[in-house]
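Here is the structure we will look at.
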Amino acid sequence: MNPAVGIAAVAAVSVATAVIGFYGLRISRTTGDFYVASRTVPPWWNASAIGGEYLSAASFLGVAGLILLSGTDALWYPVGYTAGYLMLLLFVAAPLRRSGAYTIPDFTEARLDSRAVRRVTSLAVVMVGWLYIVPQLHGAALTIRTTTGLPSWAGSTAVVVVVCLTVVAGGMRSITFVQAFQFWLKLTALAVPLIFILLVLAEDGAPALAAVATNPGGAAPASPYQSISLLVALLFGTLGLPHVLVRFYTNPDGHSARRTTLIVLGLLSVFYLFPTAYGLAGRLFAPDLARAGQADALVLLLPGRLVGGPAGDLLSALVVAGAFAAFLSTTSGLVVSLAGVISQDVLGGSVRGFRVAALVSIIVPLGLALMTDSLALAGSVGLVFAFTASTICPVLLLGIWWRGLTDVGAIAGMVTGGLLCGGAMVAGTVLGMAGTPPWLAQPAAWSVPAAFTVMVLTSRATSSRVPRTITRVMTRLHTPERPLVTER
Amino acid sequence: MPDSPLCSAAAVALIALAVAVVVAVGLKVLRSFRELGTDAERATYNTLHAASKAGRHLRTGLNPAGAAKASRQLRALLGCDALAILDVSGVLAWDGTAEELRPGLMALAADVLSSGRTQVFNAADLQLHSPKSGSVAAAVVAPVRSGARVVGAVAAFAPQAGAGLVRATTEVADWVAAQVELAELDASRTLLMEAEVRALRAQISPHFIYNSLNAIASFINTDPARARELVVEFADFTRYSFRRHGDFTTLAEELRCIDRYLLLERARFGERVQVSLRIAPEVLSTVIPFLSLQPLVENAVRHGLEAKEGPGHITISANDSGAFAEVTIEDDGVGMDPVQLQSMLAGHVDGEHVGLRNVDARLRQVYGDDHGLVIETAPGEGTLITMRVPKSQPDHDA
């Protein structure tokens, strides 16, 4: 496709993100509209923002690529990404909103009354954030390389520069609006080209190049263990994602936090229809991409291939814009929440400290992304979910639902989960794709139960350390709050 | 996905971590080889170090958790077999051997607690209270006094009770008493601070009540409907500001109160007061001290715009800024003299801007000295007031 179209699309999305970030709030209101201004974000809007922040490179590019490569096995990814929200809805959303803590370290410190737990949690949050940003930058590198022919580093660097400009320069004053815009952009960018592709295919009835049932890349079907382990990682991992949890504070109370989550479930379900359809179309009409190792670029290349001409160029530009929106929104959401944690715990929480922390939290993953190369985006994000599920998720779930959790238990569980899951990830790298046994490649099925078990047993053993504030904190987490007054 | 880039990224991170750990351990080992002074110097250091460590644990007063930690340090200090800390109701902590004596200790110490004098017990006394007292043959029990009251005791157990142990135990008990008194001082300081915050809790200004009622009165004949509406607003405003419960509120509720306030002020000033708002929805549920914004807006109206000719403009904005919410109130009125403002905020002169000083003092009390009001102003240049509060305040209920 035409490189200029790709560049124009990327530039347009970057500028739009910056403009909404800077000017979204500048519309001045007079007192007549006072209540419009002070009304909280409606659940619909907030749900879109959560969707925008959540749907990353893995969802936008990775899922379709994996379906092209391994067929129905890959369907567990969209299922898990969405079903994780069910867990969030049932177990975390409302109590966390009521806790009044603003970040996960804030929550654990308030719940367990311990600075040490706070530090360990902060470390886990920062690790998760860094590991999560890396695949986003890989996705950007891939997009820029495939659509414009520029070198890989240009894509990662472009995302980093735009995020730095908006976050560090104070542009993300009202991040909710930016993220909500990004969600609808992503949905449009996948839906419109797909509709055109289906129309074109229906019209000329082009013959399929391969059968749907065969794996074009020759990948072996996944064992039940792998599928279960993956589901565990995705279901529990969603509970601990720092940038998603922060969104719930925009809800005025626990009730609307639940409503928001319900809407998110619907929005995500609709969204994931499209990558699945792309994967399916790819299996029929572009099986060669899997053999060329370009499966992740399927969504980017398919419109140009099947529609062609200037219309194809325009549709490709739309897809590229959507993909870039995915990288930008997830990365900026992560950077904002990481910078919050780092600036508060290390730099004393000043405005300058926040900027420095924002720079730190994006420069490190940029270095990691430039040093490594991208393969299978959905898989890398799946591993980040496994890490989150083994560290942050147990402390959140037990902290909310079990009175017996102690600070020592929380630290022991998080360290165990982190070491087991991190160790498995490193061992997987050392052994290589072929030499890794499945139980090591998908560690969640044993590392998550191990973290929970250690946390429970250690807490039982140190039960004298249950904080004295436990009843007050638990009451606050689980009793409905007074509604936030916004109506006259 | 064992070959994924993420794994390589994790590997790189892990190696970096390993290098950092090795360097840190190396530095620590090297440091321990450094010369630490003569034996006497080291003994002094060890004693003071143990005392200061134990002191930290006792700073919350005599309670089981603190006493347990402190007793470990104090036993090392005295070099006895076992050490117990008790208050008037029971044994708080026991460190060392001969735990079988614990049930009988309260009976043993009853005399000390009532008389307030140090007592030495020999093997026979110990046998009397607990039949199987093993190797421990003597005990020294010294009272802990706070003011004139005996609040507890320190008991040291050893094979024999020499004069040295008796003297040392008495000293340790006195030292514990000093820590307990400090803890009580801490507690009363906290109480004092709470009382101060309560005293500072803003009151609505009498000027405002007088002016509002006059403004409403002027409408009663000309526009009765409006007058009625204003009276209702006035009632709602006073209900909010007179409420008794809670020292904190949410930004959303405070903004509602400001809206009522401005409605009443506009009844007096008409179109001379123009207000615009830029509020980020993310910070609406942020907890702020009760009536901490309204006085700032009132200051902008009274001292910024009242003295000025022609229409005046007030901008209220609230932004999300990392872990903090930032609220600014800007007016284009007559401004203030920074020097005079400074001495007024420091409490040297009673100026007109008492509301500002009150809010500033409360913010500093609650969030620390970094979170006072930031005021940018000059005569004739308008005023910009910035307030930064942490978004996470689990201890404060709105």
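By convention in this document, the chains of the structure tokens carry letters A, B, ... by their order, each chain's residues are numbered from 1, and ligands are numbered from 1 in the order they are shown.
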Leaving out Ile216 in chain B and any residue of its chain fewer than 4 positions from it, which residues lie within 10 Å of it when counting only C-alpha atoms, given as a PDB file with N, CA and C atoms, in the first residue's frame?
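Result written to out_25.pdb:
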ATOM      1  N   ASN B 211     -25.775  40.473  53.807  1.00  0.00           N
ATOM      2  CA  ASN B 211     -25.941  40.934  52.427  1.00  0.00           C
ATOM      3  C   ASN B 211     -27.011  40.143  51.688  1.00  0.00           C
ATOM      4  N   SER B 212     -27.013  38.802  51.895  1.00  0.00           N
ATOM      5  CA  SER B 212     -27.973  37.970  51.188  1.00  0.00           C
ATOM      6  C   SER B 212     -29.386  38.327  51.600  1.00  0.00           C
ATOM      7  N   ILE B 220     -38.635  41.107  47.420  1.00  0.00           N
ATOM      8  CA  ILE B 220     -39.915  40.613  47.922  1.00  0.00           C
ATOM      9  C   ILE B 220     -41.097  41.317  47.273  1.00  0.00           C
ATOM     10  N   ASN B 221     -40.986  42.629  47.079  1.00  0.00           N
ATOM     11  CA  ASN B 221     -42.086  43.345  46.440  1.00  0.00           C
ATOM     12  C   ASN B 221     -42.050  43.268  44.926  1.00  0.00           C
ATOM     13  N   ASP B 223     -40.326  41.107  42.817  1.00  0.00           N
ATOM     14  CA  ASP B 223     -40.323  39.794  42.152  1.00  0.00           C
ATOM     15  C   ASP B 223     -40.466  38.698  43.213  1.00  0.00           C
ATOM     16  N   PRO B 224     -41.692  38.520  43.742  1.00  0.00           N
ATOM     17  CA  PRO B 224     -41.868  37.588  44.869  1.00  0.00           C
ATOM     18  C   PRO B 224     -41.407  36.167  44.537  1.00  0.00           C
ATOM     19  N   ARG B 226     -39.005  35.157  42.613  1.00  0.00           N
ATOM     20  CA  ARG B 226     -37.546  35.068  42.708  1.00  0.00           C
ATOM     21  C   ARG B 226     -37.115  35.106  44.166  1.00  0.00           C
ATOM     22  N   ALA B 227     -37.756  35.971  44.937  1.00  0.00           N
ATOM     23  CA  ALA B 227     -37.403  36.089  46.353  1.00  0.00           C
ATOM     24  C   ALA B 227     -37.591  34.747  47.051  1.00  0.00           C
ATOM     25  N   ARG B 228     -38.688  34.071  46.707  1.00  0.00           N
ATOM     26  CA  ARG B 228     -38.959  32.784  47.327  1.00  0.00           C
ATOM     27  C   ARG B 228     -37.858  31.773  46.963  1.00  0.00           C
ATOM     28  N   GLU B 229     -37.532  31.775  45.676  1.00  0.00           N
ATOM     29  CA  GLU B 229     -36.482  30.871  45.192  1.00  0.00           C
ATOM     30  C   GLU B 229     -35.170  31.118  45.939  1.00  0.00           C
ATOM     31  N   LEU B 230     -34.868  32.411  46.123  1.00  0.00           N
ATOM     32  CA  LEU B 230     -33.606  32.750  46.792  1.00  0.00           C
ATOM     33  C   LEU B 230     -33.616  32.313  48.251  1.00  0.00           C
ATOM     34  N   VAL B 231     -34.766  32.467  48.894  1.00  0.00           N
ATOM     35  CA  VAL B 231     -34.840  32.047  50.296  1.00  0.00           C
ATOM     36  C   VAL B 231     -34.592  30.550  50.414  1.00  0.00           C
ATOM     37  N   PHE B 234     -31.010  29.932  50.014  1.00  0.00           N
ATOM     38  CA  PHE B 234     -30.321  30.356  51.221  1.00  0.00           C
ATOM     39  C   PHE B 234     -30.459  29.288  52.317  1.00  0.00           C
ATOM     40  N   LEU B 264     -26.800  33.373  45.148  1.00  0.00           N
ATOM     41  CA  LEU B 264     -27.189  34.414  46.088  1.00  0.00           C
ATOM     42  C   LEU B 264     -26.384  35.688  45.837  1.00  0.00           C
ATOM     43  N   ALA B 267     -27.727  37.655  43.002  1.00  0.00           N
ATOM     44  CA  ALA B 267     -28.936  38.419  43.304  1.00  0.00           C
ATOM     45  C   ALA B 267     -28.538  39.846  43.683  1.00  0.00           C
ATOM     46  N   ARG B 268     -27.336  39.997  44.228  1.00  0.00           N
ATOM     47  CA  ARG B 268     -26.868  41.315  44.656  1.00  0.00           C
ATOM     48  C   ARG B 268     -26.102  42.023  43.542  1.00  0.00           C
TER      49      ARG B 268
END
So which residues touch range 72-83 of chain A within 10 Å, counting only C-alpha atoms, skipping near sequence neighbours fewer than 4 positions away, as a PDB file with N, CA and C atoms, in the first residue's frame?
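The result, written out as selection04.pdb:
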ATOM      1  N   TYR A  54      -8.349  -0.607  27.542  1.00  0.00           N
ATOM      2  CA  TYR A  54      -8.079  -2.032  27.678  1.00  0.00           C
ATOM      3  C   TYR A  54      -7.676  -2.683  26.364  1.00  0.00           C
ATOM      4  N   LEU A  55      -8.337  -2.268  25.255  1.00  0.00           N
ATOM      5  CA  LEU A  55      -8.091  -2.952  23.979  1.00  0.00           C
ATOM      6  C   LEU A  55      -6.743  -2.531  23.432  1.00  0.00           C
ATOM      7  N   ALA A  58      -2.608  -6.302  21.437  1.00  0.00           N
ATOM      8  CA  ALA A  58      -2.916  -7.734  21.417  1.00  0.00           C
ATOM      9  C   ALA A  58      -4.310  -7.972  20.883  1.00  0.00           C
ATOM     10  N   SER A  59      -5.276  -7.134  21.311  1.00  0.00           N
ATOM     11  CA  SER A  59      -6.640  -7.341  20.857  1.00  0.00           C
ATOM     12  C   SER A  59      -6.814  -6.909  19.415  1.00  0.00           C
ATOM     13  N   GLY A  62      -3.264  -8.815  17.464  1.00  0.00           N
ATOM     14  CA  GLY A  62      -2.811 -10.143  17.874  1.00  0.00           C
ATOM     15  C   GLY A  62      -3.864 -11.223  17.743  1.00  0.00           C
ATOM     16  N   VAL A  63      -5.116 -10.923  18.134  1.00  0.00           N
ATOM     17  CA  VAL A  63      -6.140 -11.966  18.138  1.00  0.00           C
ATOM     18  C   VAL A  63      -6.379 -12.496  16.737  1.00  0.00           C
ATOM     19  N   ALA A  64      -6.531 -11.577  15.756  1.00  0.00           N
ATOM     20  CA  ALA A  64      -6.751 -12.025  14.378  1.00  0.00           C
ATOM     21  C   ALA A  64      -5.570 -12.863  13.904  1.00  0.00           C
ATOM     22  N   GLY A  65      -4.358 -12.424  14.243  1.00  0.00           N
ATOM     23  CA  GLY A  65      -3.163 -13.160  13.831  1.00  0.00           C
ATOM     24  C   GLY A  65      -3.153 -14.563  14.404  1.00  0.00           C
ATOM     25  N   LEU A  66      -3.509 -14.682  15.678  1.00  0.00           N
ATOM     26  CA  LEU A  66      -3.496 -16.004  16.316  1.00  0.00           C
ATOM     27  C   LEU A  66      -4.567 -16.916  15.740  1.00  0.00           C
ATOM     28  N   ILE A  67      -5.723 -16.345  15.380  1.00  0.00           N
ATOM     29  CA  ILE A  67      -6.774 -17.181  14.783  1.00  0.00           C
ATOM     30  C   ILE A  67      -6.307 -17.687  13.421  1.00  0.00           C
ATOM     31  N   LEU A  68      -5.620 -16.809  12.703  1.00  0.00           N
ATOM     32  CA  LEU A  68      -5.053 -17.247  11.423  1.00  0.00           C
ATOM     33  C   LEU A  68      -4.083 -18.401  11.642  1.00  0.00           C
ATOM     34  N   MET A  87     -15.248 -11.448  36.219  1.00  0.00           N
ATOM     35  CA  MET A  87     -14.601 -11.598  37.526  1.00  0.00           C
ATOM     36  C   MET A  87     -14.485 -10.235  38.219  1.00  0.00           C
ATOM     37  N   LEU A  88     -14.082  -9.242  37.420  1.00  0.00           N
ATOM     38  CA  LEU A  88     -13.910  -7.895  37.952  1.00  0.00           C
ATOM     39  C   LEU A  88     -15.243  -7.388  38.511  1.00  0.00           C
ATOM     40  N   LEU A  89     -16.305  -7.634  37.730  1.00  0.00           N
ATOM     41  CA  LEU A  89     -17.647  -7.197  38.122  1.00  0.00           C
ATOM     42  C   LEU A  89     -18.080  -7.874  39.414  1.00  0.00           C
ATOM     43  N   ALA A 213     -10.538 -25.106   7.988  1.00  0.00           N
ATOM     44  CA  ALA A 213     -10.163 -26.001   9.080  1.00  0.00           C
ATOM     45  C   ALA A 213      -8.666 -26.259   9.180  1.00  0.00           C
ATOM     46  N   ASN A 215      -4.673 -25.481   9.620  1.00  0.00           N
ATOM     47  CA  ASN A 215      -3.807 -24.452  10.171  1.00  0.00           C
ATOM     48  C   ASN A 215      -2.742 -24.103   9.129  1.00  0.00           C
ATOM     49  N   ALA A 220       0.518 -26.966  15.902  1.00  0.00           N
ATOM     50  CA  ALA A 220      -0.154 -28.098  16.515  1.00  0.00           C
ATOM     51  C   ALA A 220      -1.300 -27.588  17.374  1.00  0.00           C
ATOM     52  N   PRO A 221      -2.399 -28.329  17.497  1.00  0.00           N
ATOM     53  CA  PRO A 221      -3.493 -27.884  18.361  1.00  0.00           C
ATOM     54  C   PRO A 221      -3.053 -27.855  19.820  1.00  0.00           C
ATOM     55  N   ALA A 222      -3.631 -26.920  20.585  1.00  0.00           N
ATOM     56  CA  ALA A 222      -3.237 -26.769  21.989  1.00  0.00           C
ATOM     57  C   ALA A 222      -3.809 -27.897  22.837  1.00  0.00           C
ATOM     58  N   SER A 223      -3.068 -28.297  23.860  1.00  0.00           N
ATOM     59  CA  SER A 223      -3.559 -29.328  24.777  1.00  0.00           C
ATOM     60  C   SER A 223      -4.558 -28.692  25.736  1.00  0.00           C
ATOM     61  N   PRO A 224      -5.431 -29.512  26.373  1.00  0.00           N
ATOM     62  CA  PRO A 224      -6.372 -28.947  27.354  1.00  0.00           C
ATOM     63  C   PRO A 224      -5.634 -28.157  28.434  1.00  0.00           C
ATOM     64  N   GLN A 226      -2.930 -26.348  28.223  1.00  0.00           N
ATOM     65  CA  GLN A 226      -2.576 -25.003  27.750  1.00  0.00           C
ATOM     66  C   GLN A 226      -3.789 -24.085  27.739  1.00  0.00           C
ATOM     67  N   SER A 227      -4.922 -24.617  27.281  1.00  0.00           N
ATOM     68  CA  SER A 227      -6.119 -23.774  27.222  1.00  0.00           C
ATOM     69  C   SER A 227      -6.552 -23.362  28.626  1.00  0.00           C
ATOM     70  N   ILE A 228      -6.530 -24.316  29.555  1.00  0.00           N
ATOM     71  CA  ILE A 228      -6.965 -24.010  30.927  1.00  0.00           C
ATOM     72  C   ILE A 228      -6.028 -22.988  31.554  1.00  0.00           C
ATOM     73  N   LEU A 230      -4.150 -20.818  30.108  1.00  0.00           N
ATOM     74  CA  LEU A 230      -4.347 -19.517  29.469  1.00  0.00           C
ATOM     75  C   LEU A 230      -5.575 -18.822  30.047  1.00  0.00           C
ATOM     76  N   LEU A 231      -6.656 -19.598  30.199  1.00  0.00           N
ATOM     77  CA  LEU A 231      -7.886 -19.008  30.733  1.00  0.00           C
ATOM     78  C   LEU A 231      -7.684 -18.511  32.157  1.00  0.00           C
ATOM     79  N   VAL A 232      -6.970 -19.299  32.968  1.00  0.00           N
ATOM     80  CA  VAL A 232      -6.680 -18.861  34.340  1.00  0.00           C
ATOM     81  C   VAL A 232      -5.953 -17.524  34.314  1.00  0.00           C
ATOM     82  N   ALA A 233      -4.928 -17.440  33.436  1.00  0.00           N
ATOM     83  CA  ALA A 233      -4.138 -16.211  33.353  1.00  0.00           C
ATOM     84  C   ALA A 233      -5.024 -15.035  32.969  1.00  0.00           C
ATOM     85  N   LEU A 234      -5.867 -15.211  31.944  1.00  0.00           N
ATOM     86  CA  LEU A 234      -6.652 -14.077  31.452  1.00  0.00           C
ATOM     87  C   LEU A 234      -7.762 -13.693  32.434  1.00  0.00           C
ATOM     88  N   LEU A 235      -8.420 -14.704  33.025  1.00  0.00           N
ATOM     89  CA  LEU A 235      -9.512 -14.416  33.962  1.00  0.00           C
ATOM     90  C   LEU A 235      -8.998 -13.669  35.186  1.00  0.00           C
ATOM     91  N   PHE A 236      -7.918 -14.181  35.777  1.00  0.00           N
ATOM     92  CA  PHE A 236      -7.430 -13.566  37.010  1.00  0.00           C
ATOM     93  C   PHE A 236      -6.546 -12.354  36.735  1.00  0.00           C
ATOM     94  N   GLY A 237      -5.900 -12.354  35.562  1.00  0.00           N
ATOM     95  CA  GLY A 237      -5.001 -11.248  35.242  1.00  0.00           C
ATOM     96  C   GLY A 237      -5.748  -9.938  35.093  1.00  0.00           C
ATOM     97  N   THR A 238      -6.955  -9.990  34.518  1.00  0.00           N
ATOM     98  CA  THR A 238      -7.721  -8.757  34.322  1.00  0.00           C
ATOM     99  C   THR A 238      -7.994  -8.066  35.655  1.00  0.00           C
ATOM    100  N   VAL A 264     -19.111  -2.552  29.878  1.00  0.00           N
ATOM    101  CA  VAL A 264     -17.828  -2.930  29.286  1.00  0.00           C
ATOM    102  C   VAL A 264     -17.911  -4.340  28.712  1.00  0.00           C
ATOM    103  N   LEU A 265     -18.544  -5.243  29.467  1.00  0.00           N
ATOM    104  CA  LEU A 265     -18.684  -6.623  28.984  1.00  0.00           C
ATOM    105  C   LEU A 265     -19.352  -6.646  27.612  1.00  0.00           C
ATOM    106  N   GLY A 266     -20.454  -5.859  27.474  1.00  0.00           N
ATOM    107  CA  GLY A 266     -21.156  -5.812  26.193  1.00  0.00           C
ATOM    108  C   GLY A 266     -20.282  -5.241  25.095  1.00  0.00           C
ATOM    109  N   LEU A 267     -19.620  -4.119  25.389  1.00  0.00           N
ATOM    110  CA  LEU A 267     -18.792  -3.462  24.382  1.00  0.00           C
ATOM    111  C   LEU A 267     -17.674  -4.384  23.908  1.00  0.00           C
ATOM    112  N   LEU A 268     -17.015  -5.061  24.858  1.00  0.00           N
ATOM    113  CA  LEU A 268     -15.909  -5.939  24.478  1.00  0.00           C
ATOM    114  C   LEU A 268     -16.419  -7.105  23.643  1.00  0.00           C
ATOM    115  N   SER A 269     -17.586  -7.650  24.030  1.00  0.00           N
ATOM    116  CA  SER A 269     -18.117  -8.783  23.274  1.00  0.00           C
ATOM    117  C   SER A 269     -18.335  -8.383  21.824  1.00  0.00           C
ATOM    118  N   PHE A 271     -16.855  -5.915  20.259  1.00  0.00           N
ATOM    119  CA  PHE A 271     -15.573  -5.613  19.614  1.00  0.00           C
ATOM    120  C   PHE A 271     -14.879  -6.876  19.112  1.00  0.00           C
ATOM    121  N   TYR A 272     -14.874  -7.924  19.952  1.00  0.00           N
ATOM    122  CA  TYR A 272     -14.087  -9.106  19.597  1.00  0.00           C
ATOM    123  C   TYR A 272     -14.682  -9.897  18.448  1.00  0.00           C
ATOM    124  N   LEU A 273     -15.949  -9.592  18.049  1.00  0.00           N
ATOM    125  CA  LEU A 273     -16.478 -10.244  16.847  1.00  0.00           C
ATOM    126  C   LEU A 273     -15.605  -9.923  15.649  1.00  0.00           C
ATOM    127  N   PRO A 275     -12.135  -8.865  15.220  1.00  0.00           N
ATOM    128  CA  PRO A 275     -10.859  -9.563  15.005  1.00  0.00           C
ATOM    129  C   PRO A 275     -11.077 -11.022  14.626  1.00  0.00           C
ATOM    130  N   THR A 276     -12.117 -11.660  15.214  1.00  0.00           N
ATOM    131  CA  THR A 276     -12.389 -13.053  14.893  1.00  0.00           C
ATOM    132  C   THR A 276     -12.745 -13.186  13.415  1.00  0.00           C
ATOM    133  N   GLY A 279      -9.683 -12.867  11.338  1.00  0.00           N
ATOM    134  CA  GLY A 279      -8.885 -14.091  11.374  1.00  0.00           C
ATOM    135  C   GLY A 279      -9.458 -15.137  10.432  1.00  0.00           C
ATOM    136  N   LEU A 280     -10.773 -15.240  10.452  1.00  0.00           N
ATOM    137  CA  LEU A 280     -11.460 -16.216   9.612  1.00  0.00           C
ATOM    138  C   LEU A 280     -11.236 -15.888   8.133  1.00  0.00           C
ATOM    139  N   ALA A 378      -0.422 -11.367  20.881  1.00  0.00           N
ATOM    140  CA  ALA A 378      -1.420 -11.856  21.836  1.00  0.00           C
ATOM    141  C   ALA A 378      -0.756 -12.735  22.891  1.00  0.00           C
ATOM    142  N   GLY A 379       0.240 -13.534  22.458  1.00  0.00           N
ATOM    143  CA  GLY A 379       0.935 -14.408  23.398  1.00  0.00           C
ATOM    144  C   GLY A 379       1.696 -13.633  24.445  1.00  0.00           C
ATOM    145  N   GLY A 382      -0.606 -12.245  26.868  1.00  0.00           N
ATOM    146  CA  GLY A 382      -1.106 -13.338  27.709  1.00  0.00           C
ATOM    147  C   GLY A 382      -0.170 -13.614  28.869  1.00  0.00           C
ATOM    148  N   PHE A 385      -0.531 -11.064  31.555  1.00  0.00           N
ATOM    149  CA  PHE A 385      -1.719 -11.376  32.358  1.00  0.00           C
ATOM    150  C   PHE A 385      -1.375 -12.460  33.377  1.00  0.00           C
TER     151      PHE A 385
END
Produce a table with one row for each residue of chain B that has an atom at most 8 Å from any atom of chain A, each row naming the nearest atom pair and its distance in Å at one decimal; use only C-alpha atoms; arrange rows by chain and rising residue number; format as a tab-separated table.
residue	atom	partner	partner_atom	distance
B:Met1	CA	A:Gly379	CA	5.5
B:Pro2	CA	A:Gly428	CA	4.4
B:Asp3	CA	A:Met433	CA	4.9
B:Ser4	CA	A:Leu375	CA	5.6
B:Pro5	CA	A:Ser374	CA	5.5
B:Leu6	CA	A:Ser380	CA	5.6
B:Cys7	CA	A:Thr429	CA	5.3
B:Ser8	CA	A:Thr429	CA	6.1
B:Ala9	CA	A:Leu368	CA	5.6
B:Ala10	CA	A:Val426	CA	6.4
B:Ala11	CA	A:Val426	CA	5.3
B:Val12	CA	A:Leu368	CA	7.7
B:Thr250	CA	A:Leu484	CA	8.0
B:Ala252	CA	A:Ser38	CA	6.1
B:Glu253	CA	A:Val485	CA	6.3
B:Leu255	CA	A:Ser38	CA	7.3
B:Arg256	CA	A:Thr486	CA	7.7
B:Asp259	CA	A:Phe34	CA	7.2
B:Gln274	CA	A:Thr30	CA	7.4
B:Val275	CA	A:Thr30	CA	5.6
B:Ser276	CA	A:Thr30	CA	4.5
B:Leu277	CA	A:Arg29	CA	5.2
B:Arg278	CA	A:Ser28	CA	6.1
B:Ile279	CA	A:Ala37	CA	6.3
B:Ala280	CA	A:Ser174	CA	5.6
B:Pro281	CA	A:Thr40	CA	5.5
B:Glu282	CA	A:Thr250	CA	4.7
B:Val283	CA	A:Thr250	CA	7.3
B:Leu284	CA	A:Thr40	CA	6.7
B:Ser285	CA	A:Pro252	CA	6.2
B:Asn319	CA	A:Arg173	CA	5.9
B:Asp320	CA	A:Arg173	CA	5.6
B:Ser321	CA	A:Arg173	CA	7.0
B:Gly322	CA	A:Gly340	CA	4.9
B:Ala323	CA	A:Gly340	CA	5.3
B:Lys391	CA	A:Tyr102	CA	6.4
B:Ser392	CA	A:Ala101	CA	4.7
B:Gln393	CA	A:Gly100	CA	6.3
B:Pro394	CA	A:Gly100	CA	5.1
For this session: Excluding Tyr240 in chain B and residues on its chain fewer than 3 positions from it, collect all residues at most 12 Å away from it, counting only C-alpha atoms, and give them as a PyMOL selection string.
Result: chain B and resi 202-204+233-237+243-246+249+253-258+260-261+290-291+294
Take the selection from the previous step and output its residues with C-alpha atoms, as a PDB file, in the first residue's frame.
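And here is the file that came out, out-v4.pdb:
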ATOM      1  CA  ALA B 202     -14.983  27.290  58.497  1.00  0.00           C
ATOM      2  CA  GLN B 203     -18.072  29.231  59.442  1.00  0.00           C
ATOM      3  CA  ILE B 204     -20.079  31.067  56.849  1.00  0.00           C
ATOM      4  CA  GLU B 233     -31.413  28.508  48.115  1.00  0.00           C
ATOM      5  CA  PHE B 234     -30.321  30.356  51.221  1.00  0.00           C
ATOM      6  CA  ALA B 235     -31.889  27.687  53.410  1.00  0.00           C
ATOM      7  CA  ASP B 236     -30.130  24.922  51.477  1.00  0.00           C
ATOM      8  CA  PHE B 237     -26.839  26.757  51.701  1.00  0.00           C
ATOM      9  CA  ARG B 243     -24.081  20.430  59.175  1.00  0.00           C
ATOM     10  CA  ARG B 244     -22.530  18.775  62.191  1.00  0.00           C
ATOM     11  CA  HIS B 245     -21.193  15.465  60.943  1.00  0.00           C
ATOM     12  CA  GLY B 246     -17.857  14.953  59.251  1.00  0.00           C
ATOM     13  CA  THR B 249     -16.840  16.360  51.864  1.00  0.00           C
ATOM     14  CA  GLU B 253     -20.800  18.546  47.034  1.00  0.00           C
ATOM     15  CA  GLU B 254     -18.552  21.527  47.644  1.00  0.00           C
ATOM     16  CA  LEU B 255     -19.159  22.692  44.065  1.00  0.00           C
ATOM     17  CA  ARG B 256     -22.910  22.457  44.658  1.00  0.00           C
ATOM     18  CA  CYS B 257     -22.526  24.631  47.695  1.00  0.00           C
ATOM     19  CA  ILE B 258     -20.503  27.140  45.657  1.00  0.00           C
ATOM     20  CA  ARG B 260     -25.831  28.159  45.700  1.00  0.00           C
ATOM     21  CA  TYR B 261     -23.481  30.750  47.095  1.00  0.00           C
ATOM     22  CA  PHE B 290     -15.452  20.570  54.440  1.00  0.00           C
ATOM     23  CA  LEU B 291     -16.026  24.162  53.249  1.00  0.00           C
ATOM     24  CA  GLN B 294     -16.359  28.130  49.237  1.00  0.00           C
TER      25      GLN B 294
END
Exercise. Counting only C-alpha atoms, which of B:Ile316, B:Ala178, B:Ile329, B:Leu83 gets nearest to Lys69 in chain B?
Worked result: B:Leu83
Problem set entry | For Ala107 in chain B: contacts at 12 Å, only C-alpha atoms, fewer than 2 positions along chain excluded, given as a count of residues only | 22
